[in-house]
Amino acid sequence: MCGMCGLLGGGRHWSNTVAPGADANARRQRLVQVAHANRVLAPFRLRLDDFHGQSFVLSSPTGASEMAGDLMQVWQAAEKMLGRPLDPLTLFADEAGAHDTVQQAH
């Protein structure tokens with residue numbers, strides 16, 4: 001996605017909505033989303049940044065970057081940069097299994 005499309009487009013994906021609540025702040029929630037995504041992307045040396053509250057920029061340590069309109073596109077761009085599938089739901093499965101094994105041992 002080009003920068004202009006990133007500024008003008010989208011915002012309609014379910015991941016771009018604001019949670020209901022009296023003190024819901026769209027900008028704050030978006031920054032929290034970026035922080036959580038960066039925790040998942042860090043082991044792959046990828047970094048996500050917000051782009052004017054309308055899209056995201058995913059960057060690699062080699063200087064490559066790609067615009068993404070929503071979190072689904074972020075994962076697709078990450079897979080493209082990594083050259084392999086990336087399932088964020090299974091990234092920490094080994095850690096959870098190790099944690100369960102330690103708990104069972106005690």
# chains A, B, ... in the order shown; residues from 1 in each chain; ligands from 1
$ residues_around --residues "region 61-68 of chain A" --least-positions-apart "3" --cutoff "10 Å" --atoms "only C-alpha atoms" --output "list in words"
Met1, Cys2, Gly3, Cys5, Gly6, Phe44, Arg45, Leu46, Arg47, Leu48, Asp49, Asp50, Phe51, Gln54, Ser55, Phe56, Val57, Leu58, Leu71, Met72, Gln73, Val74, Trp75, Gln76, Ala77, Ala78, Lys80 and Met81 of chain A
$ closest_residue --among "A:Asn25, A:Arg30, A:Arg39, A:Leu86" --to "Asp70 (chain A)" --atoms "only C-alpha atoms"
A:Arg30
$ decode --residues "region 56-95 of chain A" --atoms "N, CA and C atoms" --output "short mmCIF file (atom, residue, chain, number, x, y, z; two decimals), in the first residue's frame"
data_model
loop_
_atom_site.label_atom_id
_atom_site.label_comp_id
_atom_site.auth_asym_id
_atom_site.auth_seq_id
_atom_site.Cartn_x
_atom_site.Cartn_y
_atom_site.Cartn_z
N PHE A 56 -0.64 1.29 9.39
CA PHE A 56 0.56 0.87 10.11
C PHE A 56 1.72 0.81 9.14
N VAL A 57 2.93 0.92 9.68
CA VAL A 57 4.15 0.71 8.90
C VAL A 57 4.93 -0.40 9.59
N LEU A 58 5.18 -1.46 8.85
CA LEU A 58 5.98 -2.58 9.35
C LEU A 58 7.38 -2.44 8.78
N SER A 59 8.39 -2.49 9.65
CA SER A 59 9.78 -2.30 9.22
C SER A 59 10.64 -3.48 9.64
N SER A 60 11.62 -3.77 8.81
CA SER A 60 12.57 -4.84 9.11
C SER A 60 13.92 -4.21 9.44
N PRO A 61 14.83 -4.98 10.03
CA PRO A 61 16.15 -4.42 10.36
C PRO A 61 16.99 -4.09 9.12
N THR A 62 16.59 -4.59 7.96
CA THR A 62 17.33 -4.30 6.73
C THR A 62 16.88 -3.00 6.09
N GLY A 63 15.86 -2.36 6.67
CA GLY A 63 15.37 -1.11 6.12
C GLY A 63 14.13 -1.26 5.26
N ALA A 64 13.71 -2.48 5.01
CA ALA A 64 12.48 -2.69 4.25
C ALA A 64 11.29 -2.25 5.09
N SER A 65 10.30 -1.66 4.44
CA SER A 65 9.09 -1.28 5.16
C SER A 65 7.89 -1.46 4.24
N GLU A 66 6.75 -1.69 4.88
CA GLU A 66 5.53 -1.89 4.12
C GLU A 66 4.36 -1.30 4.90
N MET A 67 3.48 -0.63 4.17
CA MET A 67 2.26 -0.07 4.75
C MET A 67 1.22 -1.17 4.88
N ALA A 68 0.43 -1.11 5.96
CA ALA A 68 -0.65 -2.06 6.17
C ALA A 68 -1.84 -1.30 6.75
N GLY A 69 -3.01 -1.58 6.24
CA GLY A 69 -4.22 -0.87 6.66
C GLY A 69 -4.83 -1.40 7.93
N ASP A 70 -4.56 -2.66 8.27
CA ASP A 70 -5.13 -3.27 9.47
C ASP A 70 -4.20 -4.38 9.94
N LEU A 71 -4.55 -4.98 11.08
CA LEU A 71 -3.66 -6.00 11.66
C LEU A 71 -3.54 -7.25 10.79
N MET A 72 -4.59 -7.60 10.06
CA MET A 72 -4.49 -8.74 9.15
C MET A 72 -3.42 -8.49 8.09
N GLN A 73 -3.39 -7.28 7.56
CA GLN A 73 -2.39 -6.94 6.56
C GLN A 73 -0.99 -6.87 7.18
N VAL A 74 -0.92 -6.51 8.46
CA VAL A 74 0.38 -6.50 9.16
C VAL A 74 0.97 -7.91 9.16
N TRP A 75 0.15 -8.92 9.52
CA TRP A 75 0.66 -10.30 9.57
C TRP A 75 1.04 -10.78 8.18
N GLN A 76 0.25 -10.39 7.16
CA GLN A 76 0.58 -10.77 5.78
C GLN A 76 1.91 -10.15 5.35
N ALA A 77 2.12 -8.88 5.71
CA ALA A 77 3.38 -8.21 5.38
C ALA A 77 4.55 -8.85 6.13
N ALA A 78 4.32 -9.23 7.38
CA ALA A 78 5.37 -9.89 8.17
C ALA A 78 5.75 -11.22 7.53
N GLU A 79 4.77 -11.98 7.09
CA GLU A 79 5.06 -13.25 6.42
C GLU A 79 5.86 -13.02 5.15
N LYS A 80 5.50 -11.99 4.42
CA LYS A 80 6.22 -11.65 3.19
C LYS A 80 7.66 -11.28 3.50
N MET A 81 7.87 -10.48 4.54
CA MET A 81 9.24 -10.07 4.91
C MET A 81 10.06 -11.25 5.42
N LEU A 82 9.42 -12.14 6.18
CA LEU A 82 10.12 -13.28 6.75
C LEU A 82 10.31 -14.42 5.75
N GLY A 83 9.44 -14.46 4.75
CA GLY A 83 9.51 -15.52 3.75
C GLY A 83 8.97 -16.85 4.25
N ARG A 84 8.10 -16.78 5.27
CA ARG A 84 7.49 -18.01 5.80
C ARG A 84 6.20 -17.65 6.52
N PRO A 85 5.34 -18.64 6.74
CA PRO A 85 4.08 -18.37 7.45
C PRO A 85 4.33 -17.93 8.89
N LEU A 86 3.45 -17.07 9.38
CA LEU A 86 3.55 -16.56 10.74
C LEU A 86 2.15 -16.59 11.34
N ASP A 87 1.96 -17.44 12.33
CA ASP A 87 0.66 -17.53 13.00
C ASP A 87 0.82 -16.97 14.41
N PRO A 88 0.36 -15.74 14.65
CA PRO A 88 0.56 -15.12 15.96
C PRO A 88 -0.12 -15.86 17.10
N LEU A 89 -1.09 -16.71 16.79
CA LEU A 89 -1.80 -17.44 17.84
C LEU A 89 -0.99 -18.63 18.36
N THR A 90 0.00 -19.07 17.60
CA THR A 90 0.79 -20.23 18.03
C THR A 90 2.22 -19.88 18.40
N LEU A 91 2.57 -18.60 18.39
CA LEU A 91 3.95 -18.20 18.64
C LEU A 91 4.46 -18.61 20.01
N PHE A 92 3.59 -18.59 21.00
CA PHE A 92 4.02 -18.85 22.37
C PHE A 92 3.55 -20.20 22.88
N ALA A 93 3.18 -21.09 21.99
CA ALA A 93 2.68 -22.41 22.38
C ALA A 93 3.74 -23.19 23.15
N ASP A 94 5.00 -23.12 22.72
CA ASP A 94 6.08 -23.85 23.41
C ASP A 94 6.29 -23.32 24.82
N GLU A 95 6.20 -21.99 25.00
CA GLU A 95 6.36 -21.41 26.33
C GLU A 95 5.23 -21.84 27.25
#
